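Report on the following structure.
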Amino acid sequence: MTDRVVVQTQDFDVHDEYEALRRHNPATGAVVCFSGLVREFSEQSGVTGMILEHYPGMTEKALKKIIAEARQRWPLQRVTLIHRTGILNTEEQIVFAGVSSAHRDAAFDACRFLMDYLKTEAPFWKKELTETGEVWVEARQKDQDARQKWTPENRNPEIKSSDSES
């Protein structure tokens, strides 16, 4: 089990991150990765970029807590969460979430869980840059709804047995 949590201003290489999740681990049967990008539309029109702020130390602690919860739910091998901060333009990468597991269902579910929890539990503050000015991004109901599906009464069954799939 290896976890990697990084909050940084510089970009990351998705291929390198994928390779770090899969290499030197013959028990790995699945690697699932997600990379989020700054897009030109949101609640505002004409988004040209974004400013992301965080509270150093507190943010990394929150990301590690999210990973720990994912590890309680699924049999994971390696987990990587990278989140960028600072000024980002449209089409730039913001976030990378990647997991490796012996099982594809665990890898898919855990990666989605990481992103759903990151959107609601990680202390990042976002300001969209638009053609007409700057606008703070408020919490969105759709992110809360996505997180809600992982509560104990709603979450998918855990994968406990290595015989459950190939």
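By convention here, the chains of the structure tokens are called A, B, ... in the order presented, each chain's residues are numbered starting at 1, and ligands are numbered starting at 1 in the order presented.
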
Write out as a PyMOL selection string the set of residues from chain A that DSSP, computed on the backbone, places in strand (DSSP E or B). chain A and resi 2-8+30-37+47-54+76-84+86-89+93-101+124-130+133-136

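Using only C-alpha atoms, the residues found no farther than 10 Å from A:Ala70, other than those of its own chain fewer than 2 positions away, are Lys64, Lys65, Ile66, Ile67, Ala68, Gln72, Arg73, Trp74, Pro75, Leu76, Val79, Ala106, Asp109, Ala110, Cys111, Phe113, Leu114 and Tyr117 of chain A.
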
Selection export as a PDB file, in the first residue's frame, atoms kept: C-alpha atoms:
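Full text of out-v6.pdb as output:
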```pdb
ATOM      1  CA  LYS A  64      -5.164  11.723   3.432  1.00  0.00           C
ATOM      2  CA  LYS A  65      -8.382  11.303   5.409  1.00  0.00           C
ATOM      3  CA  ILE A  66     -10.359  10.826   2.175  1.00  0.00           C
ATOM      4  CA  ILE A  67      -7.874   8.161   1.054  1.00  0.00           C
ATOM      5  CA  ALA A  68      -8.096   6.430   4.445  1.00  0.00           C
ATOM      6  CA  GLN A  72     -11.729   1.135   4.533  1.00  0.00           C
ATOM      7  CA  ARG A  73     -14.249   0.515   1.757  1.00  0.00           C
ATOM      8  CA  TRP A  74     -12.184  -1.151  -0.974  1.00  0.00           C
ATOM      9  CA  PRO A  75      -9.083  -3.359  -1.266  1.00  0.00           C
ATOM     10  CA  LEU A  76      -6.715  -0.799  -2.757  1.00  0.00           C
ATOM     11  CA  VAL A  79      -3.562   5.700  -4.308  1.00  0.00           C
ATOM     12  CA  ALA A 106     -12.873  -1.535  -6.517  1.00  0.00           C
ATOM     13  CA  ASP A 109     -15.619   2.878  -7.328  1.00  0.00           C
ATOM     14  CA  ALA A 110     -12.703   4.134  -5.245  1.00  0.00           C
ATOM     15  CA  CYS A 111     -11.604   6.641  -7.885  1.00  0.00           C
ATOM     16  CA  PHE A 113     -15.427   8.124  -4.375  1.00  0.00           C
ATOM     17  CA  LEU A 114     -12.143  10.056  -4.093  1.00  0.00           C
ATOM     18  CA  TYR A 117     -15.371  13.428  -1.514  1.00  0.00           C
TER      19      TYR A 117
END
```

* Distance query A:Ala62 at most 9 Å, only C-alpha atoms, self and fewer than 4 positions along chain excluded, as a PyMOL selection string -> chain A and resi 57-58+66-67+118+121-123

Q. What is the atom CA of A:Gln93-atom CA of A:Met50 distance in Å, reported with one decimal?
A.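 Result for atom CA of A:Gln93 versus atom CA of A:Met50: 11.1 Å, one decimal.
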
query: Which of these residues is nearest to A:Val6, using only C-alpha atoms: A:Gly133, A:Pro152, A:Pro56, A:Gly36?
result: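 The closest residue to A:Val6 is A:Pro56.
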
*asked:* Just checking: using only C-alpha atoms, which residue out of A:Asn89, A:Ser35, A:Lys61, A:Ala27 ends up closest to A:His103?
replied: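 Using only C-alpha atoms, the shortest distance to A:His103 belongs to A:Ala27.
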
Determine which residues of chain A DSSP labels as alpha helix (DSSP H) from the backbone of this structure, then write them out as JSON, numbers by chain. {"A": [14, 15, 16, 17, 18, 19, 20, 21, 22, 58, 59, 60, 61, 62, 63, 64, 65, 66, 67, 68, 69, 70, 71, 72, 73, 104, 105, 106, 107, 108, 109, 110, 111, 112, 113, 114, 115, 116, 117, 118, 119, 120, 121, 141, 142, 143, 144, 145, 146, 147, 148]}
